[in-house]
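Novice: My structure is in entry.cif, and what it holds is mmCIF, C-alpha atoms:
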```cif
data_data
#
loop_
_atom_site.label_atom_id
_atom_site.label_comp_id
_atom_site.auth_asym_id
_atom_site.auth_seq_id
_atom_site.Cartn_x
_atom_site.Cartn_y
_atom_site.Cartn_z
CA MET Q 12 64.18 92.70 94.14
CA LEU Q 13 65.90 94.50 97.05
CA LEU Q 14 67.61 91.26 98.15
CA THR Q 15 68.88 90.70 94.62
CA LEU Q 16 70.32 94.23 94.48
CA VAL Q 17 72.07 93.74 97.83
CA GLN Q 18 73.56 90.42 96.68
CA VAL Q 19 74.74 91.90 93.38
CA SER Q 20 76.22 94.92 95.16
CA PHE Q 21 78.07 92.73 97.67
CA LEU Q 22 79.47 90.47 94.94
CA LEU Q 23 80.49 93.48 92.88
CA ILE Q 24 82.20 95.26 95.79
CA PHE Q 25 83.92 92.11 97.04
CA SER Q 26 85.25 91.18 93.60
CA ILE Q 27 86.49 94.73 92.95
CA ILE Q 28 88.30 94.82 96.32
CA ILE Q 29 90.02 91.48 95.66
CA LEU Q 30 91.00 92.51 92.12
CA VAL Q 31 92.35 95.89 93.26
CA GLY Q 32 94.27 94.17 96.05
CA TYR Q 33 95.70 91.67 93.57
CA LEU Q 34 96.58 94.42 91.09
CA PHE Q 35 98.65 96.29 93.66
CA GLU Q 36 100.15 93.01 94.92
CA VAL Q 37 101.48 92.42 91.40
CA LEU Q 38 102.49 96.04 90.83
CA SER Q 39 104.01 96.68 94.29
CA PRO Q 40 107.58 95.76 93.18
CA LYS Q 41 107.25 98.50 90.54
CA THR Q 42 105.21 101.10 92.42
CA ARG Q 43 107.06 100.41 95.71
CA ILE Q 44 103.87 101.33 97.55
CA PRO Q 45 103.16 98.98 100.50
CA ASN Q 46 99.87 97.18 99.98
CA VAL Q 47 98.67 98.15 103.45
CA ILE Q 48 98.44 101.83 102.42
CA ILE Q 49 96.35 100.99 99.36
CA LEU Q 50 94.07 98.60 101.26
CA LEU Q 51 93.49 100.96 104.19
CA GLY Q 52 92.81 103.76 101.71
CA LEU Q 53 90.40 101.52 99.81
CA GLY Q 54 88.53 100.75 103.03
CA MET Q 55 88.28 104.46 103.91
CA VAL Q 56 87.03 105.28 100.41
CA CYS Q 57 84.38 102.55 100.71
CA LYS Q 58 83.24 104.07 104.01
CA GLU Q 59 82.95 107.55 102.52
CA LEU Q 60 80.97 106.16 99.58
CA ALA Q 61 78.68 104.36 102.04
CA VAL Q 62 78.10 107.63 103.90
CA LEU Q 63 77.40 109.52 100.69
CA GLY Q 64 74.98 106.81 99.55
CA ASN Q 65 73.22 106.68 102.95
CA TRP Q 66 74.03 102.98 103.16
CA ASN Q 67 73.46 101.38 106.56
CA ALA Q 68 76.94 99.91 106.96
CA PRO Q 69 77.39 96.80 109.13
CA ASN Q 70 79.34 96.84 112.39
CA PHE Q 71 82.66 95.10 111.73
CA SER Q 72 83.95 95.34 115.31
CA SER Q 73 83.11 91.69 116.08
CA VAL Q 74 84.41 90.40 112.73
CA LEU Q 75 87.81 92.13 112.79
CA PRO Q 76 89.44 90.17 115.68
CA GLU Q 77 88.40 86.78 114.27
CA LEU Q 78 89.47 87.66 110.73
CA GLY Q 79 92.75 89.02 112.09
CA THR Q 80 93.39 85.80 114.01
CA ILE Q 81 92.85 83.70 110.88
CA GLY Q 82 95.11 86.05 108.93
CA LEU Q 83 97.82 85.84 111.60
CA ILE Q 84 97.75 82.02 111.58
CA LEU Q 85 97.95 81.86 107.78
CA ILE Q 86 100.71 84.50 107.58
CA VAL Q 87 102.90 82.73 110.14
CA LEU Q 88 102.20 79.40 108.43
CA GLU Q 89 103.04 80.86 105.00
CA GLY Q 90 106.26 82.40 106.28
CA SER Q 91 107.41 79.27 108.11
CA LEU Q 92 106.74 77.08 105.07
CA GLU Q 93 109.19 79.24 103.10
CA LEU Q 94 112.01 78.87 105.63
CA LYS Q 95 114.50 76.12 104.89
CA LEU Q 96 116.51 75.03 107.94
CA THR Q 97 120.04 73.99 107.17
CA ASN Q 98 123.21 74.02 109.26
CA ASP Q 99 124.36 77.25 107.64
CA LYS Q 100 121.13 78.98 108.79
CA LYS Q 101 121.98 78.73 112.50
CA PRO Q 102 123.72 82.16 112.68
CA LEU Q 103 120.76 83.71 110.85
CA LEU Q 104 118.26 82.14 113.24
CA ILE Q 105 120.24 83.31 116.28
CA LYS Q 106 120.56 86.88 114.97
CA THR Q 107 116.91 87.20 113.96
CA SER Q 108 115.71 85.72 117.26
CA LEU Q 109 117.94 88.08 119.23
CA LEU Q 110 116.90 91.12 117.19
CA ALA Q 111 113.18 90.27 117.41
CA PHE Q 112 113.36 89.72 121.19
CA LEU Q 113 115.46 92.80 121.96
CA SER Q 114 113.33 95.00 119.70
CA ILE Q 115 110.15 94.03 121.55
CA LEU Q 116 111.80 94.22 124.97
CA THR Q 117 113.44 97.64 124.58
CA LEU Q 118 110.52 99.32 122.82
CA ALA Q 119 107.87 97.83 125.12
CA VAL Q 120 109.80 98.89 128.23
CA GLY Q 121 110.46 102.36 126.79
CA LEU Q 122 106.82 102.94 125.87
CA SER Q 123 105.56 101.49 129.15
CA LEU Q 124 107.71 103.97 131.07
CA LEU Q 125 106.16 106.76 129.00
CA PHE Q 126 102.64 105.55 129.86
CA THR Q 127 103.55 104.93 133.52
CA PHE Q 128 104.56 108.58 133.90
CA GLN Q 129 101.03 109.47 132.77
CA GLY Q 130 99.61 107.67 135.83
CA TYR Q 131 98.83 104.19 134.50
CA THR Q 132 99.92 100.96 136.23
CA PHE Q 133 102.93 99.11 134.87
CA GLN Q 134 100.79 96.15 133.79
CA GLN Q 135 98.46 98.47 131.86
CA SER Q 136 101.42 100.25 130.29
CA ILE Q 137 103.34 97.13 129.21
CA VAL Q 138 100.24 95.38 127.81
CA ASN Q 139 99.39 98.45 125.70
CA SER Q 140 103.02 98.88 124.60
CA ILE Q 141 103.57 95.38 123.23
CA PRO Q 142 101.22 95.72 120.20
CA LEU Q 143 103.23 98.78 119.10
CA ALA Q 144 106.53 96.93 119.58
CA ILE Q 145 105.83 94.03 117.20
CA ILE Q 146 106.83 93.99 113.54
CA SER Q 147 103.93 92.95 111.33
CA SER Q 148 104.85 89.97 109.17
CA ALA Q 149 101.64 90.63 107.18
CA ILE Q 150 103.32 93.75 105.76
CA ALA Q 151 107.01 92.92 106.12
CA ILE Q 152 106.93 89.57 104.27
CA PRO Q 153 105.24 90.86 101.08
CA THR Q 154 107.64 93.84 101.08
CA ALA Q 155 110.62 91.50 101.49
CA LYS Q 156 109.99 90.21 97.97
CA MET Q 157 111.60 93.43 96.71
CA LEU Q 158 114.83 92.72 98.62
CA SER Q 159 117.79 90.44 98.02
CA SER Q 160 117.45 86.76 98.87
CA LYS Q 161 119.43 87.11 102.13
CA ASP Q 162 117.57 90.23 103.24
CA LYS Q 163 114.26 88.60 102.31
CA GLU Q 164 115.10 85.53 104.39
CA PHE Q 165 116.16 87.72 107.31
CA VAL Q 166 112.90 89.71 107.20
CA ILE Q 167 110.77 86.54 107.02
CA PHE Q 168 112.56 85.01 110.02
CA GLU Q 169 112.56 88.21 112.09
CA SER Q 170 108.98 89.30 111.42
CA SER Q 171 107.58 85.81 112.00
CA LEU Q 172 109.53 85.49 115.25
CA SER Q 173 108.47 89.02 116.25
CA ASP Q 174 104.82 88.04 115.83
CA ILE Q 175 105.26 84.86 117.84
CA ILE Q 176 107.35 86.37 120.65
CA GLY Q 177 105.08 89.41 120.91
CA VAL Q 178 101.79 87.47 120.96
CA THR Q 179 103.22 84.91 123.41
CA VAL Q 180 104.43 87.61 125.83
CA PHE Q 181 101.16 89.56 125.41
CA ASN Q 182 99.05 86.52 126.30
CA PHE Q 183 101.40 85.65 129.18
CA LEU Q 184 100.99 89.11 130.73
CA ILE Q 185 97.19 89.05 130.35
CA VAL Q 186 96.71 85.55 131.78
CA ASN Q 187 99.16 85.96 134.68
CA THR Q 188 98.13 88.83 136.94
CA ILE Q 189 100.94 87.81 139.31
CA ILE Q 190 104.29 87.05 137.64
CA ASN Q 191 106.72 84.91 139.62
CA PHE Q 192 109.08 81.95 139.18
CA ASP Q 193 106.22 79.42 139.10
CA SER Q 194 104.47 81.29 136.29
CA PHE Q 195 107.66 81.17 134.17
CA ILE Q 196 108.07 77.42 134.80
CA HIS Q 197 104.46 76.86 133.80
CA PHE Q 198 105.00 79.02 130.71
CA ALA Q 199 108.08 77.01 129.65
CA LEU Q 200 106.10 73.79 130.07
CA GLU Q 201 103.35 75.17 127.83
CA ILE Q 202 105.90 76.01 125.12
CA GLY Q 203 107.28 72.46 125.29
CA ILE Q 204 103.78 70.98 124.96
CA SER Q 205 103.06 73.23 121.95
CA ILE Q 206 106.25 72.13 120.18
CA LEU Q 207 105.47 68.47 120.85
CA PHE Q 208 101.94 68.77 119.47
CA SER Q 209 103.12 70.67 116.40
CA VAL Q 210 105.69 68.02 115.52
CA ILE Q 211 103.09 65.27 115.95
CA GLY Q 212 100.61 67.25 113.84
CA ALA Q 213 103.18 67.78 111.08
CA ILE Q 214 104.01 64.08 110.93
CA LEU Q 215 100.29 63.26 110.77
CA LEU Q 216 99.97 65.72 107.89
CA ILE Q 217 102.78 63.93 106.06
CA ILE Q 218 100.99 60.62 106.54
CA ILE Q 219 97.67 62.10 105.37
CA LEU Q 220 99.23 63.62 102.24
CA ASN Q 221 100.89 60.31 101.43
CA ARG Q 222 97.72 58.22 101.80
CA LEU Q 223 94.83 60.55 100.95
CA LYS Q 224 93.75 60.21 97.31
CA HIS Q 225 90.68 62.47 97.40
CA LYS Q 226 90.79 65.63 95.29
CA ILE Q 227 89.76 67.78 98.25
CA LYS Q 228 92.49 67.64 100.86
CA PHE Q 229 94.19 71.00 101.49
CA ILE Q 230 91.26 73.11 102.74
CA PRO Q 231 90.34 70.43 105.35
CA ILE Q 232 94.00 70.39 106.43
CA ILE Q 233 94.00 74.18 106.87
CA ALA Q 234 90.72 73.88 108.80
CA LEU Q 235 92.43 71.29 111.00
CA ILE Q 236 95.31 73.70 111.62
CA LEU Q 237 92.86 76.44 112.63
CA MET Q 238 91.14 73.97 114.94
CA LEU Q 239 94.45 73.01 116.58
CA TYR Q 240 95.20 76.70 117.11
CA ALA Q 241 91.79 77.23 118.73
CA ILE Q 242 92.29 74.20 121.01
CA ALA Q 243 95.75 75.41 122.01
CA LYS Q 244 94.34 78.86 122.80
CA GLY Q 245 91.58 77.23 124.84
CA PHE Q 246 94.24 75.57 127.02
CA HIS Q 247 96.22 78.86 127.19
CA LEU Q 248 99.12 77.37 125.24
CA PRO Q 249 101.39 79.58 123.06
CA ALA Q 250 99.50 78.60 119.92
CA LEU Q 251 101.60 80.57 117.42
CA ILE Q 252 104.65 78.51 118.38
CA LEU Q 253 102.60 75.46 117.38
CA ILE Q 254 101.94 77.02 113.95
CA LEU Q 255 105.58 78.06 113.45
CA VAL Q 256 107.04 74.65 114.31
CA PHE Q 257 104.34 72.93 112.26
CA GLY Q 258 105.24 75.04 109.22
CA LEU Q 259 108.98 74.52 109.70
CA VAL Q 260 108.58 70.73 109.89
CA VAL Q 261 106.35 70.58 106.81
CA GLY Q 262 108.45 73.10 104.87
CA ASN Q 263 111.61 71.08 105.47
CA ILE Q 264 110.11 67.80 104.30
CA GLU Q 265 113.28 66.82 102.40
CA ARG Q 266 115.17 66.51 105.68
CA ILE Q 267 112.24 65.08 107.64
CA THR Q 268 111.81 62.13 105.25
CA GLN Q 269 115.36 61.05 106.06
CA ILE Q 270 114.04 59.78 109.41
CA SER Q 271 114.01 55.99 109.29
CA PHE Q 272 110.29 55.32 109.78
CA LEU Q 273 109.36 58.02 107.24
CA LYS Q 274 111.62 56.72 104.48
CA GLN Q 275 108.80 54.43 103.35
CA PHE Q 276 106.95 57.46 101.96
CA ASN Q 277 107.57 58.71 98.46
CA PRO Q 278 109.59 61.93 99.01
CA SER Q 279 109.07 63.28 95.49
CA HIS Q 280 105.28 62.80 95.83
CA LEU Q 281 105.25 64.51 99.24
CA ILE Q 282 107.30 67.44 97.94
CA ARG Q 283 104.82 67.97 95.11
CA GLU Q 284 101.86 67.80 97.50
CA ILE Q 285 103.44 70.19 99.99
CA HIS Q 286 104.24 72.60 97.17
CA ARG Q 287 100.52 72.59 96.30
CA PHE Q 288 99.71 73.09 99.99
CA GLU Q 289 102.02 76.13 100.05
CA GLU Q 290 100.25 77.58 97.00
CA ILE Q 291 96.79 77.15 98.58
CA THR Q 292 98.05 78.73 101.83
CA THR Q 293 99.48 81.71 99.93
CA GLU Q 294 96.20 82.24 98.05
CA LEU Q 295 94.09 82.10 101.22
CA THR Q 296 96.51 84.38 103.08
CA PHE Q 297 96.21 86.97 100.33
CA VAL Q 298 92.39 86.99 100.48
CA VAL Q 299 92.25 87.22 104.28
CA ARG Q 300 94.94 89.93 104.38
CA VAL Q 301 93.11 92.05 101.79
CA ALA Q 302 89.77 91.61 103.56
CA PHE Q 303 91.25 92.46 106.98
CA PHE Q 304 92.96 95.70 106.01
CA VAL Q 305 90.03 96.90 103.89
CA ILE Q 306 87.61 96.24 106.76
CA PHE Q 307 89.94 97.97 109.23
CA GLY Q 308 90.18 100.91 106.83
CA PHE Q 309 86.38 100.97 106.76
CA THR Q 310 86.32 101.45 110.54
CA ILE Q 311 88.73 104.41 110.43
CA ASP Q 312 87.43 107.96 110.78
CA ILE Q 313 89.41 109.93 108.19
CA ASN Q 314 89.08 113.16 110.20
CA THR Q 315 91.04 111.67 113.12
CA ILE Q 316 94.13 110.67 111.08
CA LEU Q 317 95.54 114.23 111.14
CA GLU Q 318 94.61 114.98 114.76
CA ILE Q 319 97.52 117.07 116.07
CA ASN Q 320 97.47 115.79 119.67
CA THR Q 321 97.55 112.12 118.72
CA LEU Q 322 99.90 112.75 115.78
CA LEU Q 323 102.56 114.16 118.11
CA LEU Q 324 102.41 111.02 120.25
CA SER Q 325 102.43 108.80 117.13
CA LEU Q 326 105.50 110.63 115.80
CA SER Q 327 107.22 110.13 119.17
CA ILE Q 328 106.45 106.39 119.07
CA PHE Q 329 107.65 106.22 115.46
CA ALA Q 330 110.90 108.03 116.35
CA MET Q 331 111.48 105.60 119.21
CA ILE Q 332 110.89 102.63 116.87
CA LEU Q 333 113.43 104.02 114.38
CA ILE Q 334 116.14 104.99 116.88
CA LEU Q 335 116.02 101.72 118.83
CA ARG Q 336 116.04 99.64 115.63
CA VAL Q 337 119.10 101.43 114.23
CA LEU Q 338 120.92 101.06 117.56
CA LEU Q 339 120.13 97.34 117.81
CA LEU Q 340 121.24 96.71 114.21
CA LEU Q 341 124.53 98.49 114.92
CA ILE Q 342 125.06 96.59 118.19
CA LEU Q 343 124.36 93.24 116.49
CA ARG Q 344 126.54 94.26 113.50
CA LEU Q 345 123.76 93.87 110.97
CA PRO Q 346 123.30 96.02 107.85
CA VAL Q 347 121.34 99.16 108.68
CA PHE Q 348 120.06 99.50 105.11
CA PRO Q 349 117.51 98.25 104.26
CA LEU Q 350 116.77 96.38 107.52
CA ALA Q 351 116.30 99.55 109.58
CA PHE Q 352 113.42 100.53 107.29
CA ILE Q 353 111.60 97.17 107.34
CA ALA Q 354 109.87 97.46 110.71
CA PRO Q 355 106.19 98.03 109.88
CA ARG Q 356 103.29 97.78 112.27
CA GLY Q 357 100.05 96.29 110.96
CA LEU Q 358 97.77 93.30 111.37
CA ILE Q 359 99.30 91.97 114.58
CA THR Q 360 99.27 95.46 116.16
CA ILE Q 361 95.57 95.87 115.35
CA LEU Q 362 94.74 92.33 116.48
CA LEU Q 363 96.38 92.69 119.90
CA PHE Q 364 94.96 96.20 120.35
CA VAL Q 365 91.36 95.00 119.92
CA ASN Q 366 92.06 92.11 122.32
CA ILE Q 367 93.30 94.24 125.22
CA PRO Q 368 90.96 93.59 128.19
CA LEU Q 369 88.83 96.56 129.16
CA HIS Q 370 90.37 96.79 132.64
CA LEU Q 371 93.86 97.05 131.10
CA SER Q 372 93.08 99.52 128.30
CA ILE Q 373 94.36 103.10 128.52
CA ASP Q 374 93.34 106.33 126.82
CA GLY Q 375 96.86 106.87 125.46
CA VAL Q 376 96.51 103.95 123.02
CA ASN Q 377 93.46 104.15 120.75
CA GLN Q 378 92.52 103.36 117.17
CA THR Q 379 93.77 106.73 115.93
CA ILE Q 380 97.24 106.20 117.44
CA ILE Q 381 97.39 102.67 116.03
CA THR Q 382 96.38 103.83 112.55
CA GLN Q 383 98.85 106.72 112.53
CA VAL Q 384 101.76 104.51 113.62
CA ILE Q 385 100.87 101.90 110.98
CA LEU Q 386 100.78 104.53 108.23
CA LEU Q 387 104.01 106.20 109.40
CA THR Q 388 105.95 102.93 109.46
CA ALA Q 389 104.48 101.89 106.10
CA LEU Q 390 105.42 105.21 104.46
CA TYR Q 391 108.89 104.99 105.99
CA MET Q 392 109.27 101.46 104.61
CA MET Q 393 108.11 102.66 101.18
CA PHE Q 394 110.87 105.30 101.25
CA ALA Q 395 113.47 102.54 101.69
CA THR Q 396 112.10 100.30 98.94
CA ILE Q 397 112.28 103.19 96.46
CA PHE Q 398 116.06 103.09 96.77
CA VAL Q 399 116.36 99.31 96.50
CA LYS Q 400 117.48 98.63 92.96
CA LYS Q 401 117.21 95.47 90.90
CA PRO Q 402 119.15 93.28 90.78
CA VAL Q 403 119.56 93.71 94.52
CA PRO Q 404 123.07 93.17 95.90
CA GLN Q 405 123.44 90.46 98.51
CA SER Q 406 123.74 91.66 102.09
CA THR Q 407 126.21 90.29 104.53
CA LEU Q 408 124.37 89.10 107.58
#
```
I need this file expressed as structure tokens, please.

Specialist:
Amino acid sequence: MLLTLVQVSFLLIFSIIILVGYLFEVLSPKTRIPNVIILLGLGMVCKELAVLGNWNAPNFSSVLPELGTIGLILIVLEGSLELKLTNDKKPLLIKTSLLAFLSILTLAVGLSLLFTFQGYTFQQSIVNSIPLAIISSAIAIPTAKMLSSKDKEFVIFESSLSDIIGVTVFNFLIVNTIINFDSFIHFALEIGISILFSVIGAILLIIILNRLKHKIKFIPIIALILMLYAIAKGFHLPALILILVFGLVVGNIERITQISFLKQFNPSHLIREIHRFEEITTELTFVVRVAFFVIFGFTIDINTILEINTLLLSLSIFAMILILRVLLLLILRLPVFPLAFIAPRGLITILLFVNIPLHLSIDGVNQTIITQVILLTALYMMFATIFVKKPVPQSTL
């Protein structure tokens, strides 16, 4: 009887969470409230209800990093599948790459200097600064749906590249205790290997989709992608670059099938299959994203959100994020509105924070700081989307 009640309760809670997440996903263009705020709030409410009901809540600390990794892979894959590479996109790619790189560099260095003055080593400071310097594509990409087509494309490119550059640099700094010329050469070689494997994997996917007639095909393919990511991580390769290139190759199938030895495949059939693959990826990404933020919200102590000492530091970090972003947009001659507002922190920030090695962690960066910065950037982004009207005018990038 008790087991039945637990199963029914779990199914009920899980279904309600997914439905609430979906409801606000659909209504977000009208409410202009970022989904992350709703999901974190839902998780905190669930925790309070568990406390009131004297429910022995499970420890999610071991689940969160793995769920976040799966979410990150799916989000980068989803974003890269949407990007269509044409000759006229080269200026956009250059600008987004430059903005993503400079944003991480300037903010990470600025924050690391702040932590260094508090007595921490530079390696500790820079490793703890990078998670706060990365734009979360998990929040930015869904919000970009409210923007014009050009702004949306810019946000998808920039946030995806920000994730990849940030995670790659983060892993590089953790793996290499001594950074010299040889470590950079080795790092460049790893990037080249990742790109090669991703192109080979994408071509194999095209062949599989063309030949496989079984009804079940897309979930095994996604499982294969997760496996490739895990293998790449095991060999200390920049695995997110593998996912990005893989998604770009598959998402630009129309151009890929123009290669001589791939012309034998039926392009119209492949396009239909890849469209279905994109839909499955989007559905899975939504479920994982909802589950991740609700679980993270469940781990938050509501009483710590308004802690004055940490709030002052969070506001300082937020101010630095805003000022540096506006300056970089002006320097690169990009539109300040709405791009200056679309710089949220979220899933990737949490994921890297929980993966900081114990010997490199510092007291200045904790869960409270991370949560406050995420909420501040999300509320700031919501303020911008309120003033975005429909139809949205096209921006000049």

Novice: Take the PyMOL selection byres ((chain Q and resi 180) around 12), apply it to the structure above, and return the hits as a compact mmCIF listing (two decimals) with C-alpha atoms, keeping the file's coordinate frame.

Specialist:
```txt
# COMPACT_ATOMS: atom_id res chain seq x y z
CA PHE Q 112 113.36 89.72 121.19
CA ILE Q 115 110.15 94.03 121.55
CA LEU Q 116 111.80 94.22 124.97
CA ALA Q 119 107.87 97.83 125.12
CA ILE Q 137 103.34 97.13 129.21
CA VAL Q 138 100.24 95.38 127.81
CA ASN Q 139 99.39 98.45 125.70
CA SER Q 140 103.02 98.88 124.60
CA ILE Q 141 103.57 95.38 123.23
CA PRO Q 142 101.22 95.72 120.20
CA ALA Q 144 106.53 96.93 119.58
CA ILE Q 145 105.83 94.03 117.20
CA LEU Q 172 109.53 85.49 115.25
CA SER Q 173 108.47 89.02 116.25
CA ASP Q 174 104.82 88.04 115.83
CA ILE Q 175 105.26 84.86 117.84
CA ILE Q 176 107.35 86.37 120.65
CA GLY Q 177 105.08 89.41 120.91
CA VAL Q 178 101.79 87.47 120.96
CA THR Q 179 103.22 84.91 123.41
CA PHE Q 181 101.16 89.56 125.41
CA ASN Q 182 99.05 86.52 126.30
CA PHE Q 183 101.40 85.65 129.18
CA LEU Q 184 100.99 89.11 130.73
CA ILE Q 185 97.19 89.05 130.35
CA VAL Q 186 96.71 85.55 131.78
CA ASN Q 187 99.16 85.96 134.68
CA ILE Q 190 104.29 87.05 137.64
CA PHE Q 195 107.66 81.17 134.17
CA PHE Q 198 105.00 79.02 130.71
CA ALA Q 199 108.08 77.01 129.65
CA ILE Q 202 105.90 76.01 125.12
CA LEU Q 248 99.12 77.37 125.24
CA PRO Q 249 101.39 79.58 123.06
CA ALA Q 250 99.50 78.60 119.92
CA LEU Q 251 101.60 80.57 117.42
CA ILE Q 252 104.65 78.51 118.38
CA LEU Q 363 96.38 92.69 119.90
```

Novice: Measuring between only C-alpha atoms, which one of Q:Ile328, Q:Val74, Q:Leu124, Q:Leu34 shows the shortest distance to Thr310 of chain Q?

Specialist: Q:Val74

Novice: With distances taken over all atoms listed in the file, which of Q:Leu38, Q:Ile84, Q:Leu350, Q:Leu143 is nearest to Thr117 of chain Q?

Specialist: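 Nearest to Thr117 of chain Q: Q:Leu143.
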
Novice: Using Å and a single decimal, report how far atom CA of Val261 of chain Q sits from atom CA of Leu237 of chain Q.

Specialist: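 Calculated distance between atom CA of Leu237 of chain Q and atom CA of Val261 of chain Q is 15.8 Å.
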
Novice: List the residues matched by the PyMOL selection byres ((chain Q and resi 394) around 12) in the displayed structure as a ChimeraX atom specification, ordered by chain and then by residue number.

Specialist: /Q:42-45,154,348-349,351-353,387-393,395-399

Novice: Just the selected residues (C-alpha atoms), exported as an mmCIF file, in the coordinates of the input, please.

Specialist:
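The result, stored in out_4.cif:
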```cif
data_model
loop_
_atom_site.group_PDB
_atom_site.id
_atom_site.type_symbol
_atom_site.label_atom_id
_atom_site.label_comp_id
_atom_site.auth_asym_id
_atom_site.auth_seq_id
_atom_site.Cartn_x
_atom_site.Cartn_y
_atom_site.Cartn_z
ATOM 1 C CA THR Q 42 105.210 101.100 92.420
ATOM 2 C CA ARG Q 43 107.060 100.410 95.710
ATOM 3 C CA ILE Q 44 103.870 101.330 97.550
ATOM 4 C CA PRO Q 45 103.160 98.980 100.500
ATOM 5 C CA THR Q 154 107.640 93.840 101.080
ATOM 6 C CA PHE Q 348 120.060 99.500 105.110
ATOM 7 C CA PRO Q 349 117.510 98.250 104.260
ATOM 8 C CA ALA Q 351 116.300 99.550 109.580
ATOM 9 C CA PHE Q 352 113.420 100.530 107.290
ATOM 10 C CA ILE Q 353 111.600 97.170 107.340
ATOM 11 C CA LEU Q 387 104.010 106.200 109.400
ATOM 12 C CA THR Q 388 105.950 102.930 109.460
ATOM 13 C CA ALA Q 389 104.480 101.890 106.100
ATOM 14 C CA LEU Q 390 105.420 105.210 104.460
ATOM 15 C CA TYR Q 391 108.890 104.990 105.990
ATOM 16 C CA MET Q 392 109.270 101.460 104.610
ATOM 17 C CA MET Q 393 108.110 102.660 101.180
ATOM 18 C CA ALA Q 395 113.470 102.540 101.690
ATOM 19 C CA THR Q 396 112.100 100.300 98.940
ATOM 20 C CA ILE Q 397 112.280 103.190 96.460
ATOM 21 C CA PHE Q 398 116.060 103.090 96.770
ATOM 22 C CA VAL Q 399 116.360 99.310 96.500
#
```

Novice: Taking all atoms of segment 285-302 of chain Q that appear in the file, build a box with edges along x, y and z, extend it by 3 Å on every side, and state its centre and edge lengths in Å to one decimal, as JSON.

Specialist:
```
{"center_x": 97.0, "center_y": 81.1, "center_z": 100.3, "size_x": 20.5, "size_y": 27.9, "size_z": 14.1}
```

Novice: Please list as a ChimeraX atom specification every residue within 7 Å of Leu50 of chain Q, counting all atoms listed in the file and excluding residues in the same chain fewer than 4 positions away.

Specialist: /Q:32,46,54,301,304-305

Novice: Of the residues Q:Ile282, Q:Ile146, Q:Val337, Q:Ile306, which is the one nearest to Val384 of chain Q, using all atoms listed in the file?

Specialist: Q:Ile146

Novice: Looking at only C-alpha atoms, which of Q:Leu92, Q:Ile48, Q:Ile81, Q:Leu339 is the one that sits closest to Gly262 of chain Q?

Specialist: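 Using only C-alpha atoms, Gly262 of chain Q sits closest to Q:Leu92.
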
Novice: In Å to one decimal, how far is atom CA of Gly82 of chain Q from atom CA of Ala61 of chain Q?

Specialist: 25.5 Å

Novice: Do you have the atom CA of Thr360 of chain Q-atom CA of Gly245 of chain Q distance handy?

Specialist: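 Computing the Euclidean distance for atom CA of Thr360 of chain Q and atom CA of Gly245 of chain Q yields 21.6 Å.
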
Novice: Go through Q:Leu30, Q:Val376, Q:Leu88, Q:Val47 and flag the residue nearest Ile254 of chain Q, using all atoms listed in the file for the distances.

Specialist: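 Selected residue with least distance to Ile254 of chain Q: Q:Leu88.
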
Novice: I'd like the contact shell of Asp312 of chain Q - 9 Å cut-off, only C-alpha atoms, skipping same-chain residues fewer than 3 positions apart - returned as a list in words.

Specialist: Met55, Lys58, Gly308, Phe309, Thr315, Ile316 and Thr379 of chain Q

Novice: Suppose a student applies the PyMOL selection byres ((chain Q and resi 220) around 10) to this structure; what residues should they get, written as a ChimeraX atom specification?

Specialist: /Q:214-219,221-225,228-229,232,276,280-282,284-285,288

Novice: Which residue is closest to Ile211 of chain Q? Choose from Q:Leu338, Q:Leu317, Q:Leu253, Q:Ile380 and count all atoms listed in the file.

Specialist: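 Smallest distance to Ile211 of chain Q is found for Q:Leu253.
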
Novice: Leu78 of chain Q: which residues within 10 Å, counting only C-alpha atoms, same-chain residues fewer than 5 positions away excluded, as a PyMOL selection string?

Specialist: chain Q and resi 73+83+299-300+302-304+306+362

Novice: Residues of the last selection are to be written out with C-alpha atoms, as a PDB file, in the coordinates of the input.

Specialist:
```
ATOM      1  CA  SER Q  73      83.110  91.690 116.080  1.00  0.00           C
ATOM      2  CA  LEU Q  83      97.820  85.840 111.600  1.00  0.00           C
ATOM      3  CA  VAL Q 299      92.250  87.220 104.280  1.00  0.00           C
ATOM      4  CA  ARG Q 300      94.940  89.930 104.380  1.00  0.00           C
ATOM      5  CA  ALA Q 302      89.770  91.610 103.560  1.00  0.00           C
ATOM      6  CA  PHE Q 303      91.250  92.460 106.980  1.00  0.00           C
ATOM      7  CA  PHE Q 304      92.960  95.700 106.010  1.00  0.00           C
ATOM      8  CA  ILE Q 306      87.610  96.240 106.760  1.00  0.00           C
ATOM      9  CA  LEU Q 362      94.740  92.330 116.480  1.00  0.00           C
TER      10      LEU Q 362
END
```
